[in-house]
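Q: Please find one structure pasted underneath; my questions will follow.
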Amino acid sequence: MLRVMSRRGDDRVTWDEQKVLAGDPEALAAVREAERIFAQERARGATAFRVEPGKPAQRIDRFDATAEQIIMVPRVVGG
């Protein structure tokens with residue numbers, strides 16, 4: 001799952017890893033969309049974290065379709 005934090009809360013893109021491995025078109029499309037969003041948000045300065053139960057969050061720079069959950073936090077601009 002890819003979660004992108006925003007003013008609206010968080011937007012989610014989900015996919016089933018087993019279906020991706022099986023070549024399911026819908027699952028593959030969801031992964032491609034998540035990759036596109038990941039790249040777009042990183043270009044805007046967002047930071048991405050891989051989150052797994054029982055482990056500390058790990059900052060990542062590349063999309064990982066095998067991650068249980070990726071959370072993207074937008075760049076905070078202060079004044």
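Please note that chains go A, B, ... in the order of the structure tokens, that every chain numbers its residues from 1, and that ligands are numbered from 1 in the order shown.
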I'd like to know which residues of chain A are strand (DSSP E or B) (by DSSP, run on the backbone); could you write them as a PyMOL selection string?
A: chain A and resi 2-6+9-13+47-51+58-60+69-73
Q: Using only N, CA and C atoms, please write the residues we just selected to a file, as an mmCIF file, in the first residue's frame.
A:
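Output below, filename selection.cif:
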data_model
loop_
_atom_site.group_PDB
_atom_site.id
_atom_site.type_symbol
_atom_site.label_atom_id
_atom_site.label_comp_id
_atom_site.auth_asym_id
_atom_site.auth_seq_id
_atom_site.Cartn_x
_atom_site.Cartn_y
_atom_site.Cartn_z
ATOM 1 N N LEU A 2 0.503 2.204 -0.797
ATOM 2 C CA LEU A 2 1.164 3.510 -0.808
ATOM 3 C C LEU A 2 0.191 4.502 -0.202
ATOM 4 N N ARG A 3 0.649 5.227 0.815
ATOM 5 C CA ARG A 3 -0.165 6.262 1.455
ATOM 6 C C ARG A 3 0.553 7.589 1.279
ATOM 7 N N VAL A 4 -0.167 8.574 0.771
ATOM 8 C CA VAL A 4 0.395 9.905 0.549
ATOM 9 C C VAL A 4 -0.342 10.889 1.456
ATOM 10 N N MET A 5 0.391 11.476 2.400
ATOM 11 C CA MET A 5 -0.198 12.452 3.312
ATOM 12 C C MET A 5 -0.449 13.758 2.558
ATOM 13 N N SER A 6 -1.608 14.359 2.828
ATOM 14 C CA SER A 6 -1.948 15.619 2.164
ATOM 15 C C SER A 6 -2.897 16.409 3.061
ATOM 16 N N GLY A 9 -5.921 14.516 4.259
ATOM 17 C CA GLY A 9 -5.699 13.334 5.087
ATOM 18 C C GLY A 9 -4.648 12.484 4.417
ATOM 19 N N ASP A 10 -5.030 11.316 3.937
ATOM 20 C CA ASP A 10 -4.089 10.537 3.152
ATOM 21 C C ASP A 10 -4.818 9.805 2.034
ATOM 22 N N ASP A 11 -4.156 9.786 0.884
ATOM 23 C CA ASP A 11 -4.667 9.071 -0.280
ATOM 24 C C ASP A 11 -3.947 7.725 -0.325
ATOM 25 N N ARG A 12 -4.657 6.682 -0.732
ATOM 26 C CA ARG A 12 -4.092 5.336 -0.718
ATOM 27 C C ARG A 12 -4.211 4.673 -2.081
ATOM 28 N N VAL A 13 -3.155 3.941 -2.427
ATOM 29 C CA VAL A 13 -3.171 3.064 -3.587
ATOM 30 C C VAL A 13 -2.782 1.688 -3.048
ATOM 31 N N THR A 47 9.231 12.894 1.392
ATOM 32 C CA THR A 47 10.075 11.850 1.946
ATOM 33 C C THR A 47 9.240 10.584 2.072
ATOM 34 N N ALA A 48 9.835 9.442 1.710
ATOM 35 C CA ALA A 48 9.114 8.170 1.745
ATOM 36 C C ALA A 48 9.691 7.274 2.837
ATOM 37 N N PHE A 49 8.788 6.566 3.503
ATOM 38 C CA PHE A 49 9.170 5.637 4.565
ATOM 39 C C PHE A 49 8.510 4.286 4.328
ATOM 40 N N ARG A 50 9.297 3.235 4.480
ATOM 41 C CA ARG A 50 8.768 1.865 4.457
ATOM 42 C C ARG A 50 8.393 1.526 5.891
ATOM 43 N N VAL A 51 7.149 1.097 6.104
ATOM 44 C CA VAL A 51 6.659 0.823 7.449
ATOM 45 C C VAL A 51 6.252 -0.645 7.538
ATOM 46 N N GLN A 58 11.640 2.924 7.943
ATOM 47 C CA GLN A 58 12.897 3.013 7.195
ATOM 48 C C GLN A 58 12.707 3.964 6.025
ATOM 49 N N ARG A 59 13.545 4.983 5.965
ATOM 50 C CA ARG A 59 13.466 5.935 4.851
ATOM 51 C C ARG A 59 13.925 5.235 3.577
ATOM 52 N N ILE A 60 13.188 5.455 2.483
ATOM 53 C CA ILE A 60 13.548 4.850 1.201
ATOM 54 C C ILE A 60 13.563 5.922 0.111
ATOM 55 N N GLN A 69 3.782 -1.368 3.458
ATOM 56 C CA GLN A 69 3.208 -0.031 3.458
ATOM 57 C C GLN A 69 4.317 0.999 3.240
ATOM 58 N N ILE A 70 4.058 1.928 2.332
ATOM 59 C CA ILE A 70 4.954 3.048 2.098
ATOM 60 C C ILE A 70 4.160 4.310 2.426
ATOM 61 N N ILE A 71 4.732 5.146 3.284
ATOM 62 C CA ILE A 71 4.080 6.398 3.638
ATOM 63 C C ILE A 71 4.924 7.541 3.089
ATOM 64 N N MET A 72 4.258 8.451 2.367
ATOM 65 C CA MET A 72 4.940 9.606 1.816
ATOM 66 C C MET A 72 4.501 10.852 2.557
ATOM 67 N N VAL A 73 5.495 11.585 3.052
ATOM 68 C CA VAL A 73 5.245 12.793 3.817
ATOM 69 C C VAL A 73 5.724 13.979 2.990
#
Q: Give me the residues near Ala29 (chain A) as a list in words, where near means some atom within 9 Å (using only C-alpha atoms) and where sequence neighbours in that chain fewer than 5 positions away do not count.
A: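 Those residues are Trp15, Asp24 and Ala34 of chain A.
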Q: Quick one: residues within 12 Å of Arg32 (chain A), only C-alpha atoms, excluding same-chain residues fewer than 5 positions away - as a list of chain:residue names?
A: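 Residues near the query, excluding close chain neighbours: A:Leu2, A:Val13, A:Thr14, A:Trp15, A:Val20, A:Pro25, A:Glu26, A:Ala27, A:Ile37, A:Phe38, A:Ala39, A:Phe63, A:Asp64, A:Ala65.
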Q: Go ahead and write the residues just picked, N, CA and C atoms, as a short mmCIF file (atom, residue, chain, number, x, y, z; two decimals), in the first residue's frame.
A:
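Contents of selection-v3.cif, as written:
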data_model
loop_
_atom_site.label_atom_id
_atom_site.label_comp_id
_atom_site.auth_asym_id
_atom_site.auth_seq_id
_atom_site.Cartn_x
_atom_site.Cartn_y
_atom_site.Cartn_z
N LEU A 2 0.50 2.20 -0.80
CA LEU A 2 1.16 3.51 -0.81
C LEU A 2 0.19 4.50 -0.20
N VAL A 13 -3.16 3.94 -2.43
CA VAL A 13 -3.17 3.06 -3.59
C VAL A 13 -2.78 1.69 -3.05
N THR A 14 -3.62 0.70 -3.30
CA THR A 14 -3.35 -0.65 -2.79
C THR A 14 -3.26 -1.64 -3.93
N TRP A 15 -2.54 -2.74 -3.67
CA TRP A 15 -2.43 -3.82 -4.64
C TRP A 15 -2.17 -5.12 -3.88
N VAL A 20 -0.02 -9.49 -8.33
CA VAL A 20 1.04 -8.89 -9.16
C VAL A 20 1.94 -9.98 -9.68
N PRO A 25 -3.74 -8.04 -14.54
CA PRO A 25 -3.66 -6.70 -15.13
C PRO A 25 -4.05 -5.57 -14.19
N GLU A 26 -5.10 -5.78 -13.39
CA GLU A 26 -5.55 -4.74 -12.47
C GLU A 26 -4.51 -4.47 -11.38
N ALA A 27 -3.93 -5.52 -10.85
CA ALA A 27 -2.89 -5.37 -9.82
C ALA A 27 -1.65 -4.70 -10.39
N ILE A 37 2.94 7.87 -8.79
CA ILE A 37 2.69 8.80 -7.69
C ILE A 37 3.94 8.95 -6.83
N PHE A 38 4.62 7.85 -6.55
CA PHE A 38 5.84 7.88 -5.76
C PHE A 38 6.86 8.82 -6.41
N ALA A 39 7.11 8.64 -7.70
CA ALA A 39 8.07 9.48 -8.42
C ALA A 39 7.64 10.94 -8.42
N PHE A 63 10.91 3.25 -5.04
CA PHE A 63 9.65 2.55 -4.84
C PHE A 63 9.92 1.05 -4.67
N ASP A 64 9.22 0.43 -3.73
CA ASP A 64 9.36 -1.00 -3.48
C ASP A 64 7.98 -1.62 -3.43
N ALA A 65 7.60 -2.30 -4.51
CA ALA A 65 6.27 -2.89 -4.60
C ALA A 65 6.06 -4.01 -3.58
#
Q: Would you work out the distance separating CA of Gly45 (chain A) from CA of Pro74 (chain A), expressed in Å to one decimal?
A: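 Computed distance, CA of Gly45 (chain A) to CA of Pro74 (chain A), equals 6.6 Å.
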